[in-house]
Structures are given as structure tokens and as C-alpha cells.
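Structure file upload.txt with compact mmCIF, C-alpha atoms:
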# COMPACT_ATOMS: atom_id res chain seq x y z
CA ASN A 1497 0.00 0.00 0.00
CA LYS A 1498 2.85 2.39 0.82
CA MET A 1499 4.42 1.68 -2.56
CA LYS A 1500 1.10 2.30 -4.31
CA LEU A 1501 0.67 5.57 -2.40
CA LEU A 1502 4.18 6.75 -3.30
CA LEU A 1503 3.72 5.79 -6.95
CA THR A 1504 0.33 7.51 -7.15
CA THR A 1505 1.67 10.67 -5.51
CA PHE A 1506 4.66 10.72 -7.89
CA LEU A 1507 2.41 10.40 -10.94
CA LEU A 1508 0.09 13.14 -9.69
CA VAL A 1509 2.97 15.55 -9.03
CA TRP A 1510 4.35 14.84 -12.50
CA LEU A 1511 0.92 15.47 -14.02
CA CYS A 1512 0.68 18.81 -12.22
CA SER A 1513 4.12 19.80 -13.50
CA CYS A 1514 2.97 19.23 -17.09
CA THR A 1515 0.15 21.76 -17.04
CA ASP A 1516 2.29 24.29 -18.94
CA LEU A 1517 2.84 21.72 -21.65
CA MET A 1518 -0.87 21.08 -21.86
CA ASN A 1519 -1.43 24.84 -22.13
CA ASP A 1520 0.73 25.11 -25.23
CA GLU A 1521 -0.73 21.95 -26.73
CA PHE A 1522 -4.18 23.43 -26.25
CA ILE A 1523 -3.27 26.78 -27.82
CA LEU A 1524 -1.63 25.46 -30.95
CA THR A 1525 -4.59 23.61 -32.42
CA ALA A 1526 -6.28 24.13 -35.75
CA ASP A 1527 -9.13 25.96 -34.02
CA THR A 1528 -6.96 28.77 -32.63
CA ASN A 1529 -5.38 30.15 -35.79
CA THR A 1530 -8.37 32.08 -37.11
CA THR A 1531 -9.02 34.55 -34.28
CA GLY A 1532 -7.34 37.45 -36.07
CA LYS A 1533 -7.09 39.55 -32.91
CA ALA A 1534 -4.52 42.33 -33.02
CA PHE A 1535 -1.86 42.37 -30.32
CA THR A 1536 1.05 44.61 -29.37
CA VAL A 1537 4.45 43.46 -28.07
CA ASN A 1538 6.88 45.83 -26.33
CA LEU A 1539 10.55 45.82 -27.33
CA LYS A 1540 13.71 45.87 -25.23
CA SER A 1541 16.49 48.27 -26.15
CA TYR A 1542 20.14 48.53 -25.16
CA MET A 1543 23.36 50.15 -26.38
CA TYR A 1544 25.80 48.05 -28.36
CA ALA A 1545 28.54 49.90 -30.26
CA ASP A 1546 29.05 52.91 -32.53
CA LEU A 1547 26.10 54.62 -30.81
CA PHE A 1548 24.28 51.48 -31.86
CA TRP A 1549 20.90 50.89 -30.22
CA VAL A 1550 19.54 47.36 -30.50
CA TYR A 1551 15.85 46.43 -30.26
CA THR A 1552 14.88 42.87 -29.34
CA ILE A 1553 11.63 40.93 -29.04
CA HIS A 1554 11.12 37.89 -26.83
CA THR A 1555 10.41 34.88 -29.03
CA ARG A 1556 9.61 31.19 -28.47
CA VAL A 1557 10.29 28.68 -31.23
CA GLY A 1558 9.18 25.04 -31.34
CA SER A 1559 7.27 22.71 -29.08
CA PRO A 1560 7.67 22.59 -25.28
CA ASN A 1561 10.33 20.19 -24.04
CA LYS A 1562 8.68 18.09 -21.36
CA GLY A 1563 10.84 17.23 -18.36
CA LEU A 1564 10.19 15.02 -15.35
CA PHE A 1565 9.04 17.86 -13.09
CA SER A 1566 9.01 20.88 -15.40
CA THR A 1567 8.59 22.03 -18.98
CA SER A 1568 11.23 24.05 -20.81
CA TYR A 1569 11.03 26.09 -23.99
CA GLN A 1570 13.46 27.27 -26.65
CA GLU A 1571 13.32 31.01 -26.06
CA PHE A 1572 15.28 33.86 -27.64
CA ASP A 1573 15.58 37.63 -27.47
CA LEU A 1574 15.73 38.18 -31.23
CA PHE A 1575 17.12 41.32 -32.80
CA VAL A 1576 14.31 43.04 -34.76
CA ASP A 1577 14.76 43.93 -38.43
CA SER A 1578 12.22 45.70 -40.65
CA ASP A 1579 14.12 45.59 -43.94
CA GLU A 1580 13.52 41.92 -44.71
CA GLY A 1581 11.09 39.22 -43.67
CA VAL A 1582 12.98 36.18 -42.40
CA ILE A 1583 13.98 34.69 -39.04
CA VAL A 1584 17.64 33.83 -38.44
CA LEU A 1585 18.47 31.37 -35.64
CA PRO A 1586 21.90 29.98 -34.69
CA GLU A 1587 22.08 26.20 -34.41
CA LYS A 1588 23.61 24.65 -31.30
CA ASP A 1589 26.77 23.46 -33.10
CA CYS A 1590 27.13 26.58 -35.28
CA LYS A 1591 30.74 27.15 -36.38
CA GLY A 1592 32.07 30.65 -35.77
CA LEU A 1593 29.41 31.58 -33.21
CA PRO A 1594 30.76 34.54 -31.18
CA LYS A 1595 31.38 34.10 -27.48
CA GLY A 1596 28.52 35.21 -25.28
CA VAL A 1597 25.68 33.75 -27.36
CA LYS A 1598 23.86 31.48 -24.92
CA ASN A 1599 20.60 30.53 -26.62
CA THR A 1600 20.79 28.38 -29.74
CA PHE A 1601 18.12 26.32 -31.48
CA VAL A 1602 18.15 22.51 -31.18
CA PRO A 1603 15.89 20.98 -33.88
CA LYS A 1604 15.57 17.58 -32.19
CA ASP A 1605 14.11 19.23 -29.07
CA SER A 1606 11.00 20.33 -30.99
CA LYS A 1607 8.56 17.69 -32.21
CA TRP A 1608 7.04 20.28 -34.57
CA TYR A 1609 10.28 21.11 -36.39
CA LYS A 1610 10.68 20.13 -40.03
CA GLN A 1611 13.29 20.98 -42.62
CA ALA A 1612 11.69 23.16 -45.28
CA SER A 1613 14.40 22.75 -47.90
CA LYS A 1614 17.00 20.08 -48.55
CA SER A 1615 19.30 22.48 -50.35
CA PRO A 1616 21.86 24.37 -48.22
CA ILE A 1617 21.59 28.16 -48.02
CA ASN A 1618 24.54 30.53 -48.25
CA PHE A 1619 24.16 34.26 -47.65
CA ASN A 1620 26.79 36.98 -48.04
CA TYR A 1621 26.55 40.65 -47.09
CA SER A 1622 29.49 42.98 -46.72
CA THR A 1623 32.16 40.81 -45.01
CA VAL A 1624 29.50 38.62 -43.38
CA GLU A 1625 28.99 35.03 -44.51
CA LEU A 1626 26.23 32.73 -43.28
CA GLY A 1627 25.54 29.09 -44.12
CA GLY A 1628 22.75 26.77 -43.06
CA VAL A 1629 19.39 25.25 -43.99
CA LEU A 1630 15.79 26.38 -44.20
CA GLY A 1631 13.71 25.09 -41.27
CA ASN A 1632 10.08 25.45 -40.22
CA ASP A 1633 8.47 25.52 -36.78
CA GLN A 1634 5.83 27.25 -34.66
CA VAL A 1635 6.74 30.77 -33.50
CA MET A 1636 5.31 32.84 -30.65
CA VAL A 1637 6.21 36.35 -29.45
CA GLY A 1638 5.48 38.12 -26.17
CA LYS A 1639 6.76 38.94 -22.71
CA ASP A 1640 6.02 35.72 -20.79
CA LEU A 1641 3.86 32.58 -20.81
CA LYS A 1642 0.61 34.45 -20.22
CA SER A 1643 1.25 37.07 -22.89
CA MET A 1644 2.70 34.93 -25.68
CA ASN A 1645 0.97 35.36 -29.04
CA TRP A 1646 1.09 32.88 -31.87
CA LEU A 1647 2.48 33.85 -35.27
CA GLY A 1648 1.94 30.35 -36.63
CA ALA A 1649 4.30 28.10 -38.60
CA GLN A 1650 7.23 30.11 -39.95
CA ASN A 1651 10.22 29.33 -42.12
CA PHE A 1652 13.57 30.37 -40.70
CA PHE A 1653 17.24 30.33 -41.63
CA LEU A 1654 18.94 27.83 -39.28
CA VAL A 1655 22.60 28.90 -39.32
CA ASN A 1656 25.34 26.31 -38.84
CA LYS A 1657 28.24 28.49 -40.01
CA MET A 1658 28.92 32.21 -39.60
CA VAL A 1659 31.91 34.37 -40.52
CA ASN A 1660 32.33 37.98 -39.26
CA TYR A 1661 28.78 38.00 -37.91
CA PRO A 1662 28.95 40.55 -35.06
CA MET A 1663 27.13 40.57 -31.77
CA PRO A 1664 24.26 41.16 -31.12
CA PHE A 1665 23.11 39.86 -34.53
CA ALA A 1666 24.47 36.43 -33.68
CA MET A 1667 21.76 36.12 -31.01
CA GLY A 1668 19.41 35.62 -33.93
CA SER A 1669 17.06 38.02 -35.67
CA ILE A 1670 13.41 38.31 -36.59
CA GLY A 1671 12.80 40.12 -39.86
CA LEU A 1672 9.30 41.59 -39.93
CA GLY A 1673 9.54 43.33 -43.30
CA PHE A 1674 8.70 42.27 -46.83
CA SER A 1675 10.66 39.70 -48.76
CA ILE A 1676 10.86 39.06 -52.48
CA ILE A 1677 13.13 36.01 -52.20
CA LYS A 1678 11.65 33.21 -54.30
CA ASP A 1679 10.02 30.38 -52.32
CA TYR A 1680 10.74 32.20 -49.06
CA PRO A 1681 7.51 33.83 -47.77
CA ALA A 1682 7.95 36.73 -45.36
CA ILE A 1683 6.77 36.39 -41.76
CA GLY A 1684 3.98 38.83 -42.52
CA ASP A 1685 2.79 36.75 -45.47
CA ASN A 1686 2.69 33.61 -43.33
CA MET A 1687 1.01 35.55 -40.52
CA CYS A 1688 -1.74 36.63 -42.91
CA LYS A 1689 -2.24 33.08 -44.08
CA ASN A 1690 -2.36 31.72 -40.53
CA ASN A 1691 -4.05 34.43 -38.51
CA PHE A 1692 -5.14 37.61 -40.30
CA THR A 1693 -6.82 38.47 -43.57
CA GLY A 1694 -7.45 41.52 -45.74
CA SER A 1695 -7.07 44.89 -44.03
CA ASN A 1696 -5.97 43.15 -40.79
CA CYS A 1697 -2.77 41.94 -42.48
CA ILE A 1698 -0.58 44.65 -40.95
CA ILE A 1699 2.65 44.86 -38.95
CA GLY A 1700 3.14 48.30 -37.38
CA PHE A 1701 6.37 49.72 -35.92
CA ASN A 1702 6.30 52.31 -33.13
CA ILE A 1703 10.02 53.01 -32.67
CA GLN A 1704 10.61 55.62 -29.98
CA ASP A 1705 13.80 56.92 -28.41
CA PRO A 1706 15.55 53.99 -26.68
CA THR A 1707 14.74 55.48 -23.27
CA LYS A 1708 11.03 55.21 -24.07
CA THR A 1709 8.83 52.20 -24.78
CA SER A 1710 8.94 50.97 -28.37
CA SER A 1711 6.53 48.36 -29.66
CA ILE A 1712 5.36 46.30 -32.61
CA THR A 1713 1.71 45.67 -33.43
CA PHE A 1714 0.61 42.56 -35.31
CA GLY A 1715 -2.71 42.87 -37.12
CA GLY A 1716 -4.98 45.89 -37.19
CA THR A 1717 -8.50 47.17 -37.66
CA GLY A 1718 -8.05 48.58 -41.15
CA ASN A 1719 -8.71 52.09 -39.76
CA ILE A 1720 -5.21 52.81 -38.49
CA VAL A 1721 -5.63 56.52 -37.89
CA THR A 1722 -8.50 58.93 -38.27
CA ASN A 1723 -6.54 61.85 -39.73
CA LYS A 1724 -4.93 60.79 -43.00
CA THR A 1725 -3.67 64.18 -44.14
CA ASN A 1726 -0.21 64.01 -45.71
CA VAL A 1727 -0.16 60.22 -45.63
CA ALA A 1728 0.83 58.24 -48.69
CA THR A 1729 0.40 54.58 -49.53
CA ILE A 1730 3.72 53.54 -51.05
CA GLN A 1731 4.00 50.52 -53.33
CA LEU A 1732 7.13 48.38 -53.30
CA SER A 1733 9.56 49.11 -56.12
CA THR A 1734 9.06 46.93 -59.18
CA THR A 1735 12.47 47.77 -60.64
CA ALA A 1736 14.82 47.53 -57.63
CA PRO A 1737 17.64 44.98 -58.02
CA LYS A 1738 17.07 41.71 -56.17
CA SER A 1739 20.03 42.52 -53.95
CA GLU A 1740 18.01 45.41 -52.51
CA LEU A 1741 15.31 43.07 -51.20
CA ALA A 1742 11.97 44.93 -50.88
CA ALA A 1743 13.05 48.52 -51.53
CA LEU A 1744 10.92 51.59 -52.24
CA ASP A 1745 11.52 53.99 -55.12
CA LEU A 1746 13.20 57.19 -53.92
CA LYS A 1747 11.79 59.99 -56.05
CA GLY A 1748 14.06 62.76 -54.77
CA PHE A 1749 16.75 63.64 -52.22
CA GLY A 1750 17.69 67.15 -51.09
CA ILE A 1751 19.98 68.94 -48.63
CA GLY A 1752 18.70 72.12 -46.99
CA ASN A 1753 15.67 72.27 -49.25
CA MET A 1754 13.45 70.04 -51.36
CA THR A 1755 15.45 70.54 -54.54
CA SER A 1756 16.49 67.09 -55.56
CA ILE A 1757 20.12 66.08 -55.97
CA LYS A 1758 20.45 65.23 -59.65
CA THR A 1759 21.49 61.69 -60.58
CA LYS A 1760 21.52 59.75 -63.84
CA SER A 1761 20.67 56.49 -62.07
CA LYS A 1762 17.46 55.51 -60.34
CA MET A 1763 17.49 55.74 -56.52
CA TYR A 1764 16.04 53.27 -54.03
CA ILE A 1765 15.43 53.41 -50.30
CA SER A 1766 14.59 50.95 -47.52
CA LEU A 1767 13.32 51.46 -43.97
CA ASP A 1768 15.49 49.44 -41.63
CA MET A 1769 15.19 49.77 -37.87
CA ALA A 1770 18.19 47.44 -37.66
CA ALA A 1771 20.26 50.41 -38.84
CA PRO A 1772 20.49 52.95 -35.99
CA PHE A 1773 20.99 55.82 -38.42
CA GLY A 1774 21.10 54.60 -42.00
CA GLY A 1775 23.14 54.50 -45.16
CA ILE A 1776 24.08 56.98 -47.89
CA PRO A 1777 25.60 55.86 -51.23
CA GLU A 1778 29.22 56.96 -51.53
CA THR A 1779 28.64 58.87 -54.78
CA ILE A 1780 25.85 60.90 -53.15
CA PHE A 1781 27.86 61.54 -49.98
CA ASP A 1782 30.75 62.95 -52.01
CA GLN A 1783 28.32 65.54 -53.43
CA ILE A 1784 26.86 66.64 -50.10
CA LYS A 1785 29.64 66.39 -47.49
CA GLY A 1786 30.72 70.00 -48.08
CA THR A 1787 27.17 71.14 -47.25
CA LEU A 1788 26.79 68.74 -44.34
CA PHE A 1789 30.06 69.79 -42.71
CA PRO A 1790 30.68 73.52 -43.32
CA ALA A 1791 34.38 74.38 -43.03
CA ASN A 1792 33.67 77.19 -40.54
CA LEU A 1793 32.03 74.71 -38.13
CA THR A 1794 34.18 71.60 -38.42
CA LYS A 1795 37.83 70.72 -38.94
CA ASN A 1796 40.07 67.68 -39.31
CA CYS A 1797 37.36 65.56 -40.94
CA ALA A 1798 38.12 61.98 -41.93
CA MET A 1799 36.45 58.67 -42.72
CA LYS A 1800 36.39 56.17 -39.84
CA ASN A 1801 35.85 52.42 -39.96
CA SER A 1802 32.83 51.07 -38.12
CA THR A 1803 33.58 48.60 -35.33
CA VAL A 1804 30.38 46.72 -36.19
CA TYR A 1805 30.98 46.30 -39.93
CA PRO A 1806 34.71 46.84 -40.63
CA ASP A 1807 34.29 47.64 -44.33
CA ILE A 1808 31.58 50.27 -43.74
CA GLN A 1809 32.74 53.79 -42.97
CA TYR A 1810 31.27 56.93 -41.48
CA TYR A 1811 32.45 60.54 -41.36
CA GLN A 1812 33.90 62.18 -38.23
CA CYS A 1813 35.18 65.71 -37.53
CA ASP A 1814 36.80 67.48 -34.60
CA GLN A 1815 34.38 69.91 -33.03
CA THR A 1816 35.44 73.57 -33.02
CA GLY A 1817 33.73 74.46 -29.74
CA LYS A 1818 32.04 72.96 -26.71
CA ASP A 1819 28.60 74.03 -27.91
CA LEU A 1820 27.64 73.27 -31.47
CA ASN A 1821 24.78 75.14 -33.13
CA MET A 1822 22.77 72.35 -34.74
CA SER A 1823 20.64 74.87 -36.64
CA ALA A 1824 23.70 75.74 -38.72
CA PHE A 1825 23.54 72.33 -40.34
CA PRO A 1826 21.04 71.51 -43.11
CA THR A 1827 17.92 69.36 -42.99
CA MET A 1828 17.81 66.25 -45.20
CA TYR A 1829 14.74 65.67 -47.35
CA PHE A 1830 13.62 62.39 -48.89
CA GLN A 1831 10.79 62.14 -51.40
CA ILE A 1832 9.04 58.77 -51.03
CA GLY A 1833 5.91 58.44 -53.09
CA LYS A 1834 4.35 61.88 -53.52
CA LEU A 1835 5.51 63.30 -50.19
CA TRP A 1836 8.74 64.62 -48.71
CA TYR A 1837 10.02 63.37 -45.35
CA GLN A 1838 12.70 65.11 -43.33
CA LEU A 1839 15.61 64.39 -41.03
CA LYS A 1840 16.92 67.28 -38.93
CA PRO A 1841 20.56 67.70 -37.85
CA ASN A 1842 19.99 66.47 -34.30
CA ASP A 1843 18.74 63.22 -35.87
CA TYR A 1844 21.59 62.49 -38.24
CA LEU A 1845 24.54 63.96 -36.28
CA ALA A 1846 26.04 62.66 -33.04
CA ILE A 1847 28.39 64.53 -30.70
CA ASP A 1848 30.66 62.64 -28.33
CA ASN A 1849 33.93 63.63 -26.59
CA GLY A 1850 34.47 66.77 -28.64
CA LYS A 1851 33.86 65.06 -31.98
CA ILE A 1852 30.93 65.34 -34.34
CA SER A 1853 30.05 62.21 -36.28
CA PHE A 1854 27.79 61.44 -39.21
CA PRO A 1855 26.83 57.86 -38.28
CA PHE A 1856 25.13 57.13 -41.60
CA ALA A 1857 27.15 54.37 -43.23
CA VAL A 1858 28.88 55.52 -46.41
CA MET A 1859 28.20 52.56 -48.68
CA PRO A 1860 30.45 51.80 -51.68
CA GLN A 1861 27.81 49.87 -53.62
CA PRO A 1862 26.92 50.15 -57.30
CA ASN A 1863 23.22 50.93 -56.80
CA LEU A 1864 22.01 54.26 -55.40
CA HIS A 1865 20.41 52.63 -52.39
CA PHE A 1866 19.66 54.70 -49.28
CA ILE A 1867 18.76 53.28 -45.86
CA LEU A 1868 16.67 55.13 -43.28
CA GLY A 1869 17.07 53.61 -39.83
CA SER A 1870 15.54 53.94 -36.40
CA VAL A 1871 16.33 57.67 -36.04
CA PHE A 1872 14.01 58.29 -38.99
CA MET A 1873 11.38 55.73 -38.00
CA LYS A 1874 10.97 57.28 -34.54
CA HIS A 1875 9.34 60.29 -36.26
CA TYR A 1876 6.86 58.21 -38.26
CA TYR A 1877 4.67 55.26 -37.41
CA THR A 1878 5.53 52.72 -40.08
CA TYR A 1879 2.90 50.20 -41.20
CA LEU A 1880 3.58 47.34 -43.59
CA ASN A 1881 0.42 46.01 -45.23
CA PHE A 1882 0.94 42.43 -46.38
CA SER A 1883 -2.41 42.16 -48.13
CA ASP A 1884 -1.22 44.45 -50.93
CA HIS A 1885 2.53 44.84 -50.11
CA THR A 1886 2.41 48.57 -49.45
CA THR A 1887 4.03 50.82 -46.84
CA ASN A 1888 2.35 53.70 -44.98
CA LEU A 1889 4.21 56.40 -43.05
CA TYR A 1890 2.17 58.36 -40.49
CA PRO A 1891 3.65 61.45 -38.78
CA ILE A 1892 4.33 60.72 -35.13
CA ASP A 1893 1.96 63.41 -33.83
CA TYR A 1894 -1.02 61.48 -35.25
CA PRO A 1895 -2.80 59.02 -32.94
CA ALA A 1896 -1.23 55.60 -32.67
CA ILE A 1897 -2.94 52.38 -33.64
CA LYS A 1898 -5.29 50.97 -31.02
CA SER A 1899 -4.77 47.26 -30.51
CA LYS A 1900 -5.94 44.67 -28.08
CA THR A 1901 -3.72 42.24 -26.26
CA SER A 1902 -4.39 38.68 -27.31
CA THR A 1903 -6.50 36.70 -24.84
CA SER A 1904 -5.87 33.31 -26.39
CA PHE A 1905 -4.36 32.07 -23.13
CA SER A 1906 -7.51 32.55 -21.04
CA SER A 1907 -9.18 29.22 -21.76
CA SER A 1908 -5.92 27.28 -21.41
CA LEU A 1909 -5.19 29.05 -18.13
CA ASN A 1910 -8.57 27.95 -16.77
CA LEU A 1911 -7.72 24.40 -17.84
CA SER A 1912 -4.43 24.60 -15.91
CA LEU A 1913 -6.16 25.75 -12.73
CA LEU A 1914 -8.75 22.96 -13.06
CA LEU A 1915 -6.02 20.30 -13.48
CA LEU A 1916 -4.08 21.69 -10.54
CA LEU A 1917 -7.17 21.60 -8.33
CA MET A 1918 -7.86 18.00 -9.34
CA CYS A 1919 -4.25 17.03 -8.51
CA LEU A 1920 -4.49 18.58 -5.05
CA LEU A 1921 -7.82 16.88 -4.33
CA LEU A 1922 -6.49 13.46 -5.37
CA ILE A 1923 -3.37 13.84 -3.23
CA PHE A 1924 -5.51 14.91 -0.26
CA PHE A 1925 -7.76 11.89 -0.80
CA GLN A 1926 -4.79 9.48 -0.93
CA LEU A 1927 -3.30 10.92 2.24
CA SER A 1928 -6.63 10.67 4.07
CA GLN A 1929 -6.96 7.02 3.02
CA PHE A 1930 -3.46 6.34 4.34
CA ASP A 1931 -4.24 7.92 7.71
CA HIS A 1932 -7.44 5.94 7.96
CA ALA A 1933 -5.55 2.68 7.32
Taking this structure as input, can you express it in the form of C-alpha cells?
Amino acid sequence: NKMKLLLTTFLLVWLCSCTDLMNDEFILTADTNTTGKAFTVNLKSYMYADLFWVYTIHTRVGSPNKGLFSTSYQEFDLFVDSDEGVIVLPEKDCKGLPKGVKNTFVPKDSKWYKQASKSPINFNYSTVELGGVLGNDQVMVGKDLKSMNWLGAQNFFLVNKMVNYPMPFAMGSIGLGFSIIKDYPAIGDNMCKNNFTGSNCIIGFNIQDPTKTSSITFGGTGNIVTNKTNVATIQLSTTAPKSELAALDLKGFGIGNMTSIKTKSKMYISLDMAAPFGGIPETIFDQIKGTLFPANLTKNCAMKNSTVYPDIQYYQCDQTGKDLNMSAFPTMYFQIGKLWYQLKPNDYLAIDNGKISFPFAVMPQPNLHFILGSVFMKHYYTYLNFSDHTTNLYPIDYPAIKSKTSTSFSSSLNLSLLLLLMCLLLIFFQLSQFDHA
């Protein structure tokens, strides 16, 4: 009888410890992927290098890993990118993984994992080289167990080799932008297929100063803001080179006024919160650096190598005085669609230890491709509509999108409490029977 009691108690305790597993099993059923409720997830931010602010989102990939007394999950704080639409995860045995990366993905620990492509993938950018395979698994984002929201089955790049891939990118990344890579649907496209349809097929970026709360909204009501004055719907470029991923056509670029810098080649632009400032083509920078850095305000100017990407440079000058008059520098203007958008000097210049820097990367690439990073996006709410592959930019002083936090955990939470209560009652009953004997 004592052995039976001990065995029964052990089984009941184990059952109670598996309630989290049963929660996730209950959530990820065919009946839960059609709710279409919008939800917002806050981002974490921290300083990395080169005045480099990093935004991360807490992400869970794969099935729960059931233990004897507890349930574990493969969880990551993924670096957020808005320029492309893929997830990048380091594999456990990844060659060249920088020191300090603790969380890696183990395919065999997820019963839902499947390899999406048998062909190996190799990706090169700047001096960075990545190699791996295309995998597929369930993905959730949120702050903790109770606030996790399901994005559905997603393809991701499982990296088993990396060269010159700097921290914090090696932690893994989640690309929430568009993608035009053949046979590689963007996260937003998969999200629409799994969870949202039509005008709800939206990912919105609310990128504030790093000291404030930034967030990403998945899904929407279709009525994003009430005041749509000076708001343009911008179609993806149909002529941009494939190397530019999902770029927008840049209609004009000006310094100090909205008179466009003349070029013989077509210009493209992408919105990339992964870039803290952005990128200017080298041929354009050579035309404007005399205007950007007036000789009477700066001296001893030179190109400096970035410590994040060694072959990318930015411009740095000694400051002539302790107090620099930012109003003496020009405003940048970018024409995207039919409207002009601006960047003021205190957005594109940084002052540190008596030096003034232009942290836009000066990019020696053949195409006239500009990048506008997080310092631009903090002035505009950026919405990517995956139903028609368009981008909307709303001035920051307009009302933000109203979204509801997902409540998909409520029914599973009630199930957990019910199972826990049953476990406690059974244990109490067994103990009372033992005392009676």
C-alpha cells in the first residue's frame, strides 16, 4: 500500500508539472489560428557599439520540451529587423558563433520542427557570410507565458556556419519586413495566411527613443488613424535589383531644401530599424559632405571604420567648440511616393567627446540605395500592409494604432487551474486514506 501511495503521488505531481505543456498543446490547435485579434508586443532596447541601439523581441520557437518535473522552452531575445522578412536562428553546433551567445536552437528538441528545404543556403553581405538550412516551426512572441501570441508556422534560416557575424546579430534576428526572395515567404505573409486576412494583415512599428517604450503591433483594424492628411500609400519598387530586397523607389533627395540632388541612375530606399541611423551611397555623400560639414564649423574631418561592420565607414570631424549650433547644419529631405520626409541635424549627427560624427554608413555599392534607420522611423509610425505589399508612413503626432492584447491564453489558463485543483484533491484523498488505514 505504501508503494502504491508513493507511486500515485509521484504520478500526480508529474501530471501537475505538465500543465504548462498542456497549455501550449491546447493553444496550438487548428481551431486557434483564425481569431485574427490584433496584439502589441513591447521591445527591449540597449546600447551596443558605434552609438548602436539594439531592439529585441522575446520569441519562443518550437514545441515545449517536457521534463520530469518541469517544462522548458526554446526562447530567444531576437534582434528586430524591418528591412527583410525572415527569421535567423543559430544552431547549437554553429561554427564561428561569437562568445557570449547562450541561446541556440536545437531541432531535435522540438517535435514540430521540419526541414523546409533540402538544399543548403549561403548568404553573403558585406564581409558577413552565413551558411545553413531552411527550417520550419511554430513561432510565438510576447513577454512571458501568459502574454505569448502565436504567429503560426514560420520558415527560418537555421545557421550552422557564420563568418564575421557581429554581436548582437548572432543572437538571432526576426525580420518583420517584406521579402521578395523566391520560395521564401515573409513572416507577414505567413502571418496573414495563418491568422489575419485583408485589411488586418498589418505589422506596425512604433520606434521611440531607446529610453522610451517601443513596440510592434501585429494585425490591425483597417482604420489605423482617423486623420490621413499628408499620408501616402507607397507601393514596393518593381524595378529595384534583387540585392536590394523589398526597396521603395526614392523619387528625390535634397539637402537644406526640397530641390532634388540630380542623378543619372534611379534611386532606391529601404526602412530598416536594424540600422540605428542609415546608409548613404558613396557617390551621393561625395556631393553633399561639403554642405553637411561647413568648413567654418568643423575641422580635421576623416572617414572612420565602423567597429560593427569593418568595411563600412562613417564621417567624423573634430568639433570647433564645446557648444555646437545644430541649426547651422542643413535638414535632409527624402521624397518617397508623392511626399517629402525630413531628417533634422539632431537626428543624423552625433556629438561625443568633442567630436561630431555622421553615423550614416557611407556605402560603396553600385546601386544608389539609401537606408533610413531607427532615427528616422521614430518620427513616423511605419505600417507594412501584407495584403497588398504597401508601406504607410504616419507622422508621429497622429494618434497611434489601437490594438488589443491577445486573450488566447484565457481558456488554457482555466484548464491549468482545473487540473491543478484535481491534482491537489487526489493527493488529499490518498493521504486521508493512508491515515485511515
Could you list, as a CSV table (one decimal) with C-alpha atoms, in the coordinates of the input, every residue within 7 Å of Asp1768 (chain A), counting all atoms listed in the file and ignoring same-chain residues fewer than 5 positions away?
chain,number,residue,atom,x,y,z
A,1577,ASP,CA,14.8,43.9,-38.4
A,1578,SER,CA,12.2,45.7,-40.6
A,1579,ASP,CA,14.1,45.6,-43.9
A,1867,ILE,CA,18.8,53.3,-45.9
A,1868,LEU,CA,16.7,55.1,-43.3
A,1869,GLY,CA,17.1,53.6,-39.8
A,1870,SER,CA,15.5,53.9,-36.4
Write out as a PyMOL selection string the residues lying within 6 Å of Glu1580 (chain A), counting all atoms listed in the file and excluding same-chain residues fewer than 4 positions away. chain A and resi 1671+1673-1675
Could you list, as a PyMOL selection string, every residue within 12 Å of Ala1682 (chain A), counting all atoms listed in the file and ignoring same-chain residues fewer than 2 positions away? chain A and resi 1578-1583+1647+1649-1653+1670-1680+1684-1689+1699+1741-1742+1880-1882+1885
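The space between CA of Lys1588 (chain A) and CA of Val1537 (chain A) spans 27.0 Å.
Closest approach to Val1557 (chain A) among A:Leu1630, A:Val1576, A:Ala1824, A:Val1637: A:Val1637, based on only C-alpha atoms.
Of note, CA of Tyr1810 (chain A) and CA of Phe1789 (chain A) are spaced 13.0 Å apart.
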Could you check how far CA of Ala1857 (chain A) sits from CA of Ile1751 (chain A), in Å to one decimal?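 Between CA of Ala1857 (chain A) and CA of Ile1751 (chain A) the gap is 17.1 Å.
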Can you tell me, as lines of an AutoDock Vina configuration file, the centre and edge lengths (Å, one decimal) of the axis-aligned box enclosing all of region 1711-1715 of chain A's listed atoms after padding each side by 5 Å?
center_x = 1.9
center_y = 45.5
center_z = -33.4
size_x = 19.2
size_y = 15.8
size_z = 17.5
Which is closer to Met1667 (chain A) than all the others in A:Phe1856, A:Phe1572, A:Phe1830, A:Trp1836, using all atoms listed in the file? A:Phe1572
Selection: 6 Å around Ile1765 (chain A), all atoms listed in the file, excl. self and same-chain fewer than 5 positions, as a PyMOL selection string: chain A and resi 1743-1744+1746+1865-1867
Store the residues of this selection in a file with C-alpha atoms, as a PDB file, in the coordinates of the input.
ATOM      1  CA  ALA A1743      13.050  48.520 -51.530  1.00  0.00           C
ATOM      2  CA  LEU A1744      10.920  51.590 -52.240  1.00  0.00           C
ATOM      3  CA  LEU A1746      13.200  57.190 -53.920  1.00  0.00           C
ATOM      4  CA  HIS A1865      20.410  52.630 -52.390  1.00  0.00           C
ATOM      5  CA  PHE A1866      19.660  54.700 -49.280  1.00  0.00           C
ATOM      6  CA  ILE A1867      18.760  53.280 -45.860  1.00  0.00           C
TER       7      ILE A1867
END
Considering only C-alpha atoms, can you say which of A:Val1629, A:Ile1852, A:Met1859, A:Leu1564 comes closest to Cys1797 (chain A)?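 The closest residue to Cys1797 (chain A) is A:Ile1852.
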Residues at most 7 Å from Gln1838 (chain A), counting only C-alpha atoms, excluding those fewer than 5 positions away in the same chain, as a PyMOL selection string? chain A and resi 1827-1830
C-alpha atoms of the current selection, written as a PDB file, in the coordinates of the input:
ATOM      1  CA  THR A1827      17.920  69.360 -42.990  1.00  0.00           C
ATOM      2  CA  MET A1828      17.810  66.250 -45.200  1.00  0.00           C
ATOM      3  CA  TYR A1829      14.740  65.670 -47.350  1.00  0.00           C
ATOM      4  CA  PHE A1830      13.620  62.390 -48.890  1.00  0.00           C
TER       5      PHE A1830
END
From the list A:Lys1607, A:Lys1598, A:Lys1533, A:Lys1874, which residue is nearest Leu1767 (chain A) when using all atoms listed in the file? A:Lys1874
Could you check which of A:Phe1714, A:Phe1665, A:Phe1535, A:Phe1619 is closest to Ile1698 (chain A), using all atoms listed in the file?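 With all atoms listed in the file as the atom set, the closest residue is A:Phe1714.
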Which one of A:Gly1592, A:Pro1681, A:Gly1648, A:Gly1628 sits closest to Pro1662 (chain A) if you count only C-alpha atoms?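 Nearest candidate to Pro1662 (chain A) out of A:Gly1592, A:Pro1681, A:Gly1648, A:Gly1628: A:Gly1592.
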Using all atoms listed in the file, list the residues that have an atom at most 9 Å from (25.9, 34.3, -42.9), coordinates as in the file, as a list in words. Asn1618, Phe1619, Asn1620, Tyr1621, Val1624, Glu1625, Leu1626, Gly1627, Gly1628, Val1655, Asn1656, Lys1657, Met1658, Val1659, Asn1660 and Tyr1661 of chain A
